[in-house]
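Student: Dropping in upload_3.cif, which is mmCIF, C-alpha atoms and all ligand atoms:
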data_model
#
loop_
_atom_site.group_PDB
_atom_site.id
_atom_site.type_symbol
_atom_site.label_atom_id
_atom_site.label_comp_id
_atom_site.auth_asym_id
_atom_site.auth_seq_id
_atom_site.Cartn_x
_atom_site.Cartn_y
_atom_site.Cartn_z
ATOM 1 C CA MET X 1 -17.226 -38.257 61.137
ATOM 2 C CA THR X 2 -18.027 -39.881 64.454
ATOM 3 C CA PHE X 3 -21.432 -41.544 64.689
ATOM 4 C CA ALA X 4 -22.771 -40.179 67.983
ATOM 5 C CA ALA X 5 -25.118 -42.410 69.983
ATOM 6 C CA THR X 6 -26.968 -41.058 73.014
ATOM 7 C CA VAL X 7 -29.007 -43.587 74.974
ATOM 8 C CA LEU X 8 -31.579 -42.392 77.495
ATOM 9 C CA THR X 9 -32.060 -45.162 80.017
ATOM 10 C CA LEU X 10 -32.739 -46.039 83.652
ATOM 11 C CA TYR X 11 -29.792 -48.453 83.406
ATOM 12 C CA PRO X 12 -26.781 -46.634 81.901
ATOM 13 C CA GLU X 13 -24.544 -49.345 83.360
ATOM 14 C CA MET X 14 -25.871 -51.678 80.641
ATOM 15 C CA PHE X 15 -23.811 -49.675 78.112
ATOM 16 C CA PRO X 16 -21.614 -50.222 76.187
ATOM 17 C CA GLY X 17 -22.079 -53.822 77.425
ATOM 18 C CA PRO X 18 -21.656 -56.151 74.452
ATOM 19 C CA LEU X 19 -20.815 -53.160 72.246
ATOM 20 C CA GLY X 20 -17.583 -52.732 74.217
ATOM 21 C CA VAL X 21 -16.046 -55.886 72.709
ATOM 22 C CA SER X 22 -15.130 -57.195 69.257
ATOM 23 C CA LEU X 23 -15.882 -55.112 66.158
ATOM 24 C CA ALA X 24 -18.010 -52.465 67.894
ATOM 25 C CA GLY X 25 -15.639 -52.229 70.878
ATOM 26 C CA ARG X 26 -12.624 -51.637 68.669
ATOM 27 C CA ALA X 27 -14.537 -49.057 66.642
ATOM 28 C CA LEU X 28 -15.541 -47.295 69.886
ATOM 29 C CA GLU X 29 -11.888 -47.178 71.002
ATOM 30 C CA GLU X 30 -10.871 -45.865 67.604
ATOM 31 C CA GLY X 31 -13.466 -43.078 67.809
ATOM 32 C CA LYS X 32 -15.506 -44.302 64.835
ATOM 33 C CA TRP X 33 -18.575 -43.925 67.033
ATOM 34 C CA SER X 34 -19.220 -42.421 70.450
ATOM 35 C CA LEU X 35 -21.613 -43.405 73.193
ATOM 36 C CA ASP X 36 -23.296 -41.369 75.879
ATOM 37 C CA ALA X 37 -25.564 -43.336 78.220
ATOM 38 C CA VAL X 38 -27.712 -40.825 80.080
ATOM 39 C CA GLN X 39 -29.619 -41.619 83.286
ATOM 40 C CA ILE X 40 -33.281 -40.665 82.791
ATOM 41 C CA ARG X 41 -33.757 -40.406 86.564
ATOM 42 C CA ASP X 42 -31.443 -37.383 86.613
ATOM 43 C CA PHE X 43 -34.276 -35.481 84.941
ATOM 44 C CA ALA X 44 -36.906 -36.261 87.576
ATOM 45 C CA ILE X 45 -38.458 -33.119 88.937
ATOM 46 C CA ASP X 46 -39.619 -34.130 92.410
ATOM 47 C CA ARG X 47 -37.823 -34.781 95.655
ATOM 48 C CA HIS X 48 -38.125 -38.540 95.310
ATOM 49 C CA ARG X 49 -36.746 -38.512 91.767
ATOM 50 C CA THR X 50 -39.862 -40.259 90.459
ATOM 51 C CA VAL X 51 -39.757 -41.369 86.820
ATOM 52 C CA ASP X 52 -43.034 -43.285 86.625
ATOM 53 C CA GLY X 53 -46.660 -43.286 87.650
ATOM 54 C CA THR X 54 -49.603 -45.685 87.780
ATOM 55 C CA PRO X 55 -51.483 -46.119 84.493
ATOM 56 C CA ALA X 56 -54.416 -43.780 83.981
ATOM 57 C CA GLY X 57 -57.558 -45.902 83.801
ATOM 58 C CA GLY X 58 -56.041 -48.565 86.020
ATOM 59 C CA GLY X 59 -54.189 -51.762 85.302
ATOM 60 C CA ALA X 60 -50.930 -53.416 86.171
ATOM 61 C CA GLY X 61 -47.466 -51.901 86.123
ATOM 62 C CA MET X 62 -46.090 -48.396 85.880
ATOM 63 C CA VAL X 63 -45.781 -45.882 83.060
ATOM 64 C CA LEU X 64 -42.802 -43.602 82.348
ATOM 65 C CA ARG X 65 -43.729 -39.945 82.862
ATOM 66 C CA ALA X 66 -43.836 -37.692 79.802
ATOM 67 C CA ASP X 67 -42.437 -34.660 81.634
ATOM 68 C CA VAL X 68 -39.350 -36.532 82.819
ATOM 69 C CA LEU X 69 -38.824 -38.143 79.403
ATOM 70 C CA ALA X 70 -39.182 -34.766 77.660
ATOM 71 C CA ALA X 71 -36.516 -33.214 79.891
ATOM 72 C CA ALA X 72 -34.140 -36.091 79.087
ATOM 73 C CA VAL X 73 -34.885 -35.858 75.343
ATOM 74 C CA ASP X 74 -34.441 -32.062 75.371
ATOM 75 C CA PHE X 75 -31.100 -32.456 77.108
ATOM 76 C CA ALA X 76 -29.944 -35.015 74.536
ATOM 77 C CA ARG X 77 -31.077 -32.766 71.667
ATOM 78 C CA SER X 78 -29.392 -29.734 73.217
ATOM 79 C CA LYS X 79 -26.030 -31.447 72.879
ATOM 80 C CA TYR X 80 -26.311 -31.066 69.126
ATOM 81 C CA LEU X 81 -27.333 -27.433 69.085
ATOM 82 C CA PRO X 82 -24.473 -25.085 68.214
ATOM 83 C CA GLU X 83 -25.142 -22.623 71.027
ATOM 84 C CA THR X 84 -25.115 -25.176 73.836
ATOM 85 C CA GLY X 85 -22.715 -27.802 72.499
ATOM 86 C CA ARG X 86 -21.293 -30.086 75.111
ATOM 87 C CA GLY X 87 -20.005 -27.361 77.399
ATOM 88 C CA THR X 88 -22.796 -27.879 79.905
ATOM 89 C CA VAL X 89 -22.265 -31.576 80.339
ATOM 90 C CA ALA X 90 -20.155 -32.919 83.160
ATOM 91 C CA GLU X 91 -17.834 -35.237 81.248
ATOM 92 C CA GLY X 92 -16.483 -38.582 82.309
ATOM 93 C CA ASP X 93 -12.821 -39.382 81.771
ATOM 94 C CA GLY X 94 -13.602 -40.312 78.172
ATOM 95 C CA GLY X 95 -12.922 -43.988 78.768
ATOM 96 C CA GLY X 96 -14.435 -46.628 81.001
ATOM 97 C CA VAL X 97 -17.934 -46.565 82.339
ATOM 98 C CA GLU X 98 -18.805 -43.999 84.920
ATOM 99 C CA ALA X 99 -20.963 -45.658 87.542
ATOM 100 C CA ALA X 100 -24.552 -44.532 87.414
ATOM 101 C CA VAL X 101 -24.676 -43.639 91.078
ATOM 102 C CA ALA X 102 -27.452 -41.609 92.632
ATOM 103 C CA ALA X 103 -27.270 -38.115 91.220
ATOM 104 C CA PRO X 104 -28.446 -35.053 93.062
ATOM 105 C CA GLN X 105 -31.934 -33.953 92.229
ATOM 106 C CA VAL X 106 -32.145 -31.556 89.331
ATOM 107 C CA ALA X 107 -34.334 -28.604 90.159
ATOM 108 C CA SER X 108 -35.379 -26.848 86.963
ATOM 109 C CA GLY X 109 -34.490 -25.731 83.467
ATOM 110 C CA LEU X 110 -32.361 -27.870 81.181
ATOM 111 C CA PRO X 111 -30.406 -29.949 83.626
ATOM 112 C CA ALA X 112 -27.051 -31.491 82.972
ATOM 113 C CA PRO X 113 -26.929 -34.930 84.533
ATOM 114 C CA LEU X 114 -23.887 -35.343 86.708
ATOM 115 C CA HIS X 115 -23.564 -39.061 86.357
ATOM 116 C CA HIS X 116 -23.742 -40.820 83.078
ATOM 117 C CA ALA X 117 -21.502 -43.123 81.154
ATOM 118 C CA SER X 118 -19.640 -41.344 78.380
ATOM 119 C CA HIS X 119 -17.359 -42.855 75.772
ATOM 120 C CA GLY X 120 -15.389 -41.584 72.862
ATOM 121 C CA PRO X 121 -15.042 -38.101 71.459
ATOM 122 C CA PRO X 122 -17.949 -35.666 71.910
ATOM 123 C CA PRO X 123 -20.263 -35.116 68.948
ATOM 124 C CA ARG X 124 -19.313 -32.282 66.629
ATOM 125 C CA SER X 125 -21.025 -29.108 67.676
ATOM 126 C CA GLY X 126 -23.171 -27.370 65.089
ATOM 127 C CA GLU X 127 -24.795 -30.540 63.830
ATOM 128 C CA VAL X 128 -28.248 -29.743 62.465
ATOM 129 C CA LEU X 129 -30.927 -30.881 64.881
ATOM 130 C CA GLU X 130 -33.415 -31.851 62.188
ATOM 131 C CA ASP X 131 -30.922 -34.408 60.941
ATOM 132 C CA PHE X 132 -30.641 -35.996 64.340
ATOM 133 C CA PRO X 133 -33.147 -38.837 64.694
ATOM 134 C CA ILE X 134 -34.709 -39.584 68.060
ATOM 135 C CA LEU X 135 -35.938 -43.163 68.376
ATOM 136 C CA ALA X 136 -38.040 -44.743 71.118
ATOM 137 C CA MET X 137 -37.857 -48.499 71.557
ATOM 138 C CA THR X 138 -41.347 -49.961 71.803
ATOM 139 C CA PRO X 139 -43.196 -53.062 70.566
ATOM 140 C CA ARG X 140 -45.833 -50.606 69.292
ATOM 141 C CA GLY X 141 -43.337 -49.076 66.861
ATOM 142 C CA ALA X 142 -42.589 -49.711 63.202
ATOM 143 C CA PRO X 143 -40.594 -52.922 62.759
ATOM 144 C CA LEU X 144 -36.930 -52.094 62.270
ATOM 145 C CA THR X 145 -35.563 -52.861 58.810
ATOM 146 C CA GLN X 146 -32.084 -53.092 57.341
ATOM 147 C CA ALA X 147 -32.992 -50.162 55.085
ATOM 148 C CA ARG X 148 -33.759 -47.978 58.129
ATOM 149 C CA VAL X 149 -30.549 -49.141 59.831
ATOM 150 C CA ARG X 150 -28.560 -48.245 56.711
ATOM 151 C CA ALA X 151 -30.112 -44.764 56.605
ATOM 152 C CA LEU X 152 -29.398 -44.208 60.302
ATOM 153 C CA ALA X 153 -25.796 -45.374 59.925
ATOM 154 C CA ALA X 154 -25.302 -42.874 57.101
ATOM 155 C CA GLY X 155 -26.393 -40.013 59.390
ATOM 156 C CA PRO X 156 -24.694 -38.164 62.249
ATOM 157 C CA GLY X 157 -25.950 -40.535 64.949
ATOM 158 C CA VAL X 158 -29.024 -41.317 66.973
ATOM 159 C CA ILE X 159 -30.737 -40.566 70.276
ATOM 160 C CA ILE X 160 -32.432 -43.665 71.687
ATOM 161 C CA LEU X 161 -35.094 -43.674 74.371
ATOM 162 C CA CYS X 162 -35.322 -46.962 76.307
ATOM 163 C CA GLY X 163 -38.587 -47.848 77.992
ATOM 164 C CA ARG X 164 -39.191 -49.932 81.118
ATOM 165 C CA PHE X 165 -42.247 -51.147 82.978
ATOM 166 C CA GLU X 166 -45.407 -50.724 80.840
ATOM 167 C CA GLY X 167 -43.718 -48.204 78.584
ATOM 168 C CA PHE X 168 -44.078 -44.491 77.853
ATOM 169 C CA ASP X 169 -46.813 -41.933 78.516
ATOM 170 C CA GLU X 170 -48.165 -41.584 74.969
ATOM 171 C CA ARG X 171 -48.114 -37.771 75.097
ATOM 172 C CA ILE X 172 -44.333 -37.763 74.698
ATOM 173 C CA PHE X 173 -44.805 -38.836 71.078
ATOM 174 C CA ALA X 174 -47.109 -35.916 70.326
ATOM 175 C CA ALA X 175 -44.833 -33.443 72.076
ATOM 176 C CA ARG X 176 -41.452 -34.396 70.575
ATOM 177 C CA PRO X 177 -40.392 -35.636 67.114
ATOM 178 C CA ILE X 178 -39.799 -39.242 68.123
ATOM 179 C CA GLU X 179 -39.796 -42.253 65.815
ATOM 180 C CA GLN X 180 -41.207 -45.377 67.474
ATOM 181 C CA VAL X 181 -39.257 -48.494 66.590
ATOM 182 C CA SER X 182 -39.790 -52.181 67.358
ATOM 183 C CA ILE X 183 -37.139 -54.861 67.017
ATOM 184 C CA GLY X 184 -39.713 -57.586 66.405
ATOM 185 C CA ASP X 185 -42.978 -59.091 67.594
ATOM 186 C CA ILE X 186 -41.640 -59.983 71.028
ATOM 187 C CA VAL X 187 -41.858 -58.231 74.397
ATOM 188 C CA LEU X 188 -38.634 -57.424 76.242
ATOM 189 C CA SER X 189 -38.439 -56.247 79.841
ATOM 190 C CA GLY X 190 -36.733 -53.041 78.740
ATOM 191 C CA GLY X 191 -35.615 -51.038 75.725
ATOM 192 C CA GLU X 192 -31.904 -51.460 76.485
ATOM 193 C CA PRO X 193 -31.318 -54.776 74.665
ATOM 194 C CA ALA X 194 -33.296 -53.347 71.738
ATOM 195 C CA ALA X 195 -31.069 -50.246 71.721
ATOM 196 C CA LEU X 196 -27.953 -52.430 71.814
ATOM 197 C CA MET X 197 -29.293 -54.370 68.843
ATOM 198 C CA LEU X 198 -30.062 -51.261 66.852
ATOM 199 C CA LEU X 199 -26.653 -49.747 67.584
ATOM 200 C CA ASP X 200 -24.846 -52.986 66.733
ATOM 201 C CA ALA X 201 -26.585 -53.063 63.349
ATOM 202 C CA CYS X 202 -25.635 -49.419 62.668
ATOM 203 C CA ILE X 203 -22.039 -49.638 63.869
ATOM 204 C CA ARG X 204 -21.053 -52.530 61.637
ATOM 205 C CA LEU X 205 -22.064 -50.406 58.638
ATOM 206 C CA LEU X 206 -19.915 -47.405 59.605
ATOM 207 C CA PRO X 207 -16.966 -46.759 57.287
ATOM 208 C CA GLY X 208 -13.896 -48.747 58.262
ATOM 209 C CA VAL X 209 -15.632 -50.892 60.896
ATOM 210 C CA MET X 210 -16.156 -54.116 58.958
ATOM 211 C CA GLY X 211 -13.058 -55.944 57.759
ATOM 212 C CA ALA X 212 -14.065 -56.695 54.203
ATOM 213 C CA ALA X 213 -15.719 -53.568 52.837
ATOM 214 C CA SER X 214 -17.864 -55.606 50.468
ATOM 215 C CA SER X 215 -19.357 -57.968 53.031
ATOM 216 C CA GLY X 216 -22.223 -55.569 53.790
ATOM 217 C CA ALA X 217 -23.683 -55.582 50.293
ATOM 218 C CA GLU X 218 -24.486 -59.297 49.917
ATOM 219 C CA GLU X 219 -26.056 -59.847 53.327
ATOM 220 C CA SER X 220 -29.593 -60.905 54.054
ATOM 221 C CA PHE X 221 -32.233 -58.194 53.409
ATOM 222 C CA GLU X 222 -29.906 -55.962 51.381
ATOM 223 C CA ASN X 223 -31.667 -57.066 48.173
ATOM 224 C CA GLY X 224 -34.941 -58.036 49.818
ATOM 225 C CA LEU X 225 -33.910 -61.690 50.160
ATOM 226 C CA LEU X 226 -32.248 -63.920 52.740
ATOM 227 C CA GLU X 227 -28.611 -64.670 52.051
ATOM 228 C CA TYR X 228 -27.606 -68.024 50.528
ATOM 229 C CA PRO X 229 -26.138 -70.682 52.885
ATOM 230 C CA HIS X 230 -22.408 -70.874 53.611
ATOM 231 C CA TYR X 231 -19.985 -73.801 53.988
ATOM 232 C CA THR X 232 -16.340 -74.155 54.997
ATOM 233 C CA ARG X 233 -13.690 -76.792 55.828
ATOM 234 C CA PRO X 234 -13.646 -79.733 56.236
ATOM 235 C CA SER X 235 -15.126 -80.577 52.852
ATOM 236 C CA GLU X 236 -16.608 -83.748 54.346
ATOM 237 C CA TRP X 237 -17.960 -83.789 57.894
ATOM 238 C CA GLU X 238 -20.007 -86.559 59.519
ATOM 239 C CA GLY X 239 -20.563 -87.982 56.064
ATOM 240 C CA ARG X 240 -21.920 -84.703 54.703
ATOM 241 C CA THR X 241 -20.247 -82.941 51.827
ATOM 242 C CA ILE X 242 -20.242 -79.367 50.567
ATOM 243 C CA PRO X 243 -22.404 -78.752 47.459
ATOM 244 C CA GLU X 244 -20.257 -79.732 44.474
ATOM 245 C CA VAL X 245 -20.804 -76.462 42.626
ATOM 246 C CA LEU X 246 -19.071 -74.486 45.409
ATOM 247 C CA ARG X 247 -15.896 -76.490 44.770
ATOM 248 C CA SER X 248 -16.095 -76.150 40.987
ATOM 249 C CA GLY X 249 -14.226 -72.859 40.780
ATOM 250 C CA ASP X 250 -16.774 -71.739 38.155
ATOM 251 C CA HIS X 251 -17.722 -68.286 39.409
ATOM 252 C CA ALA X 252 -20.720 -67.839 37.131
ATOM 253 C CA LYS X 253 -22.153 -71.205 38.162
ATOM 254 C CA ILE X 254 -21.517 -70.438 41.832
ATOM 255 C CA ALA X 255 -23.269 -67.057 41.529
ATOM 256 C CA ALA X 256 -26.266 -68.706 39.835
ATOM 257 C CA TRP X 257 -26.455 -71.405 42.522
ATOM 258 C CA ARG X 258 -26.279 -68.816 45.292
ATOM 259 C CA LYS X 259 -29.012 -66.696 43.701
ATOM 260 C CA ALA X 260 -31.277 -69.749 43.343
ATOM 261 C CA GLN X 261 -30.641 -70.855 46.952
ATOM 262 C CA SER X 262 -31.298 -67.348 48.197
ATOM 263 C CA GLU X 263 -34.655 -67.313 46.404
ATOM 264 C CA ILE X 264 -35.664 -70.830 47.514
ATOM 265 C CA ASP X 265 -34.804 -70.147 51.165
ATOM 266 C CA THR X 266 -36.607 -66.818 51.194
ATOM 267 C CA ARG X 267 -39.722 -68.365 49.640
ATOM 268 C CA LEU X 268 -39.774 -71.222 52.174
ATOM 269 C CA ARG X 269 -38.666 -69.399 55.316
ATOM 270 C CA ARG X 270 -39.973 -65.900 54.802
ATOM 271 C CA PRO X 271 -43.058 -65.871 52.582
ATOM 272 C CA ASP X 272 -43.642 -62.272 53.683
ATOM 273 C CA LEU X 273 -40.292 -61.136 52.233
ATOM 274 C CA TRP X 274 -40.812 -63.277 49.153
ATOM 275 C CA GLU X 275 -44.225 -61.732 48.420
ATOM 276 C CA ARG X 276 -42.732 -58.260 48.632
ATOM 277 C CA HIS X 277 -39.781 -59.254 46.455
ATOM 278 C CA ILE X 278 -42.039 -60.742 43.783
ATOM 279 C CA GLY X 279 -44.349 -57.738 43.996
ATOM 280 C CA ALA X 280 -41.437 -55.371 43.417
ATOM 281 C CA ARG X 281 -40.199 -57.489 40.527
ATOM 282 C CA VAL X 282 -43.616 -57.596 38.854
ATOM 283 C CA GLN X 283 -44.037 -53.882 39.373
ATOM 284 C CA SER X 284 -40.681 -52.965 37.870
ATOM 285 C CA ALA X 285 -41.275 -55.378 34.965
ATOM 286 C CA SER X 286 -44.723 -53.902 34.213
ATOM 287 C CA GLY X 287 -43.240 -50.426 34.594
ATOM 288 C CA ALA X 288 -40.680 -51.325 31.948
ATOM 289 C CA ARG X 289 -43.455 -52.727 29.726
ATOM 290 C CA HIS X 290 -45.439 -49.494 30.003
ATOM 291 C CA GLU X 291 -42.361 -47.537 29.031
ATOM 292 C CA ASN X 292 -41.891 -49.703 25.963
ATOM 293 C CA GLU X 293 -45.563 -49.336 25.046
ATOM 294 C CA ASP X 294 -45.305 -45.588 25.433
ATOM 295 C CA GLN X 295 -42.286 -45.518 23.177
ATOM 296 C CA GLY X 296 -44.122 -47.620 20.569
ATOM 297 C CA LYS X 297 -46.926 -45.032 20.291
HETATM 298 N N1 LIG V 1 -46.621 -52.628 77.743
HETATM 299 C C1 LIG V 1 -45.818 -52.609 76.546
HETATM 300 C C2 LIG V 1 -44.537 -53.432 76.716
HETATM 301 C C3 LIG V 1 -43.565 -52.818 77.660
HETATM 302 S S1 LIG V 1 -42.075 -53.714 77.737
HETATM 303 C C4 LIG V 1 -46.628 -53.217 75.394
HETATM 304 O O1 LIG V 1 -47.348 -54.170 75.618
HETATM 305 O O2 LIG V 1 -46.502 -52.726 74.249
HETATM 306 C C5 LIG V 1 -41.006 -52.539 78.456
HETATM 307 C C6 LIG V 1 -40.101 -51.785 77.492
HETATM 308 O O3 LIG V 1 -39.281 -52.714 76.800
HETATM 309 C C7 LIG V 1 -40.789 -50.993 76.412
HETATM 310 O O4 LIG V 1 -41.183 -49.734 76.844
HETATM 311 C C8 LIG V 1 -39.730 -50.920 75.347
HETATM 312 O O5 LIG V 1 -38.829 -49.862 75.555
HETATM 313 C C9 LIG V 1 -38.974 -52.233 75.508
HETATM 314 N N2 LIG V 1 -39.409 -53.231 74.515
HETATM 315 C C10 LIG V 1 -40.104 -54.361 74.752
HETATM 316 N N3 LIG V 1 -40.330 -55.045 73.636
HETATM 317 C C11 LIG V 1 -39.746 -54.357 72.636
HETATM 318 C C12 LIG V 1 -39.655 -54.533 71.230
HETATM 319 N N4 LIG V 1 -40.188 -55.598 70.619
HETATM 320 N N5 LIG V 1 -38.985 -53.609 70.514
HETATM 321 C C13 LIG V 1 -38.448 -52.527 71.103
HETATM 322 N N6 LIG V 1 -38.503 -52.297 72.431
HETATM 323 C C14 LIG V 1 -39.150 -53.190 73.192
#
Show how you would write the structure in this file as structure tokens.

Tutor:
Amino acid sequence: MTFAATVLTLYPEMFPGPLGVSLAGRALEEGKWSLDAVQIRDFAIDRHRTVDGTPAGGGAGMVLRADVLAAAVDFARSKYLPETGRGTVAEGDGGGVEAAVAAPQVASGLPAPLHHASHGPPPRSGEVLEDFPILAMTPRGAPLTQARVRALAAGPGVIILCGRFEGFDERIFAARPIEQVSIGDIVLSGGEPAALMLLDACIRLLPGVMGAASSGAEESFENGLLEYPHYTRPSEWEGRTIPEVLRSGDHAKIAAWRKAQSEIDTRLRRPDLWERHIGARVQSASGARHENEDQGK
């Protein structure tokens, strides 16, 4: 199954960007995922193709209009409805980025943007809409986790809304089923780099994308901890050696060392993760105790 990514953005030319090279680029060429970068401005409803307005209540910057965003989101969702499919969309040549040049104004109804970058095979028609997550990139959203990324990667794909300026008119979140996601406690100038990050994290988990199939399971966050540190040749460099145990060939000892390092580093570097890890451990241990007590009665 092709993981279908649709990105709603004022800068479709930013895609696939870094996702066009290396692991993700090869996977895109091989059709393991597809990308459709849709120009939000194509869904503007006035003569000047306005996408933003001044903030209600005053203040600096501009706010993305809910009506324009809704039209873009509805278009993206419509691609996955059986009755509309992709027939209404003006397709690119399937490869290369179509320049996001000024598109004619769209008058009414569910418009099909004429200019957007499209890559890879179209999504399968008939995909169930409820299973198709719509994410908006915003610092106000829930912090993205590896668990969420893993769940997204296991699904049919994702529609991503990229903000600019001061962000989105809040009413869009009441009007459409949109999950608000943050990539960390930092403020970017736009949602595009955040979308690229999210997609990168999903794509590497798709079947057949990563070289060694097992390398996903041991990574940081997969078990609630940071990964242990790595070393490679030369065995001595600038007077520094590789921990002896890693050269011992004793797999049990190596595994124990790695587990200990992983716990030490998590405790020191990420007390927040460590607290949660310990909490989960205590909880499962006390759960087991209760079970034993129950059985003893
Ligand atoms: N005024 C907003 C910030 C807007 S930044 C606030 O203070 O919350 C402009 C756009 O960049 C946002 O709409 C969002 O799409 C994107 N962005 C910025 N920081 C982000 C983050 N940490 N995670 C996800 N998207 C972010």

Student: Just give me the gap between CA of Ala71 in chain X and CA of Ile45 in chain X in Å, one decimal is fine.

Tutor: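 CA of Ile45 in chain X lies 9.3 Å from CA of Ala71 in chain X.
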
Student: Using all atoms listed in the file, find each residue with an atom at most 6 Å away from ligand LIG 1 (chain V) and format the answer as JSON, numbers by chain.

Tutor: {"X": [137, 138, 139, 140, 162, 163, 164, 165, 166, 167, 182, 183, 184, 185, 186, 187, 188, 189, 190, 191, 194]}

Student: Under the rule that only C-alpha atoms are counted, which of X:Trp257, X:Pro193, X:Ser262, X:Gln180 is the nearest residue to Ser220 in chain X?

Tutor: X:Ser262

Student: On this file, the PyMOL selection byres (((chain X and resi 272-279) around 12) and not hetatm) gives some set of residues; write that set as a list in words.

Tutor: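 The output of the PyMOL selection byres (((chain X and resi 272-279) around 12) and not hetatm) on this file is Thr145, Ser220, Phe221, Glu222, Asn223, Gly224, Leu225, Leu226, Ser262, Glu263, Ile264, Asp265, Thr266, Arg267, Leu268, Arg269, Arg270, Pro271, Ala280, Arg281, Val282, Gln283, Ser284, Ala285, Ser286 and Gly287 of chain X.
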
Student: Expressed in Å to a single decimal, how great is the separation between CA of Leu23 in chain X and CA of Met210 in chain X?

Tutor: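 Value for the CA of Leu23 in chain X-CA of Met210 in chain X distance: 7.3 Å.
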
Student: Provide the CA of Leu8 in chain X to CA of Ile178 in chain X distance in Å, to one decimal place.

Tutor: 12.9 Å

Student: For the contact check between range 131-238 of chain X and range 3-7 of chain X, emit one row per residue of range 131-238 of chain X within 7 Å, containing the shortest atom pair and the distance in Å rounded to one decimal, counting only C-alpha atoms, chain then rising number order, as a tab-separated table.

Tutor:
residue	atom	partner	partner_atom	distance
X:Pro156	CA	X:Phe3	CA	5.3
X:Gly157	CA	X:Ala4	CA	4.4
X:Val158	CA	X:Ala5	CA	5.1
X:Ile159	CA	X:Thr6	CA	4.7
X:Ile160	CA	X:Val7	CA	4.7
X:Leu161	CA	X:Val7	CA	6.1

Student: I need the residue nearest Arg247 in chain X from this list: X:Thr54, X:Asp46, X:Tyr231, X:Ala147. Use only C-alpha atoms for the distance.

Tutor: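 Counting only C-alpha atoms, the residue closest to Arg247 in chain X is X:Tyr231.
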
Student: Calculated over all atoms listed in the file, which of the candidates X:Tyr228, X:Gly141, X:Ala24, X:Ala174 has the smallest distance to Ala255 in chain X?

Tutor: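 That would be X:Tyr228, the residue with the smallest distance to Ala255 in chain X.
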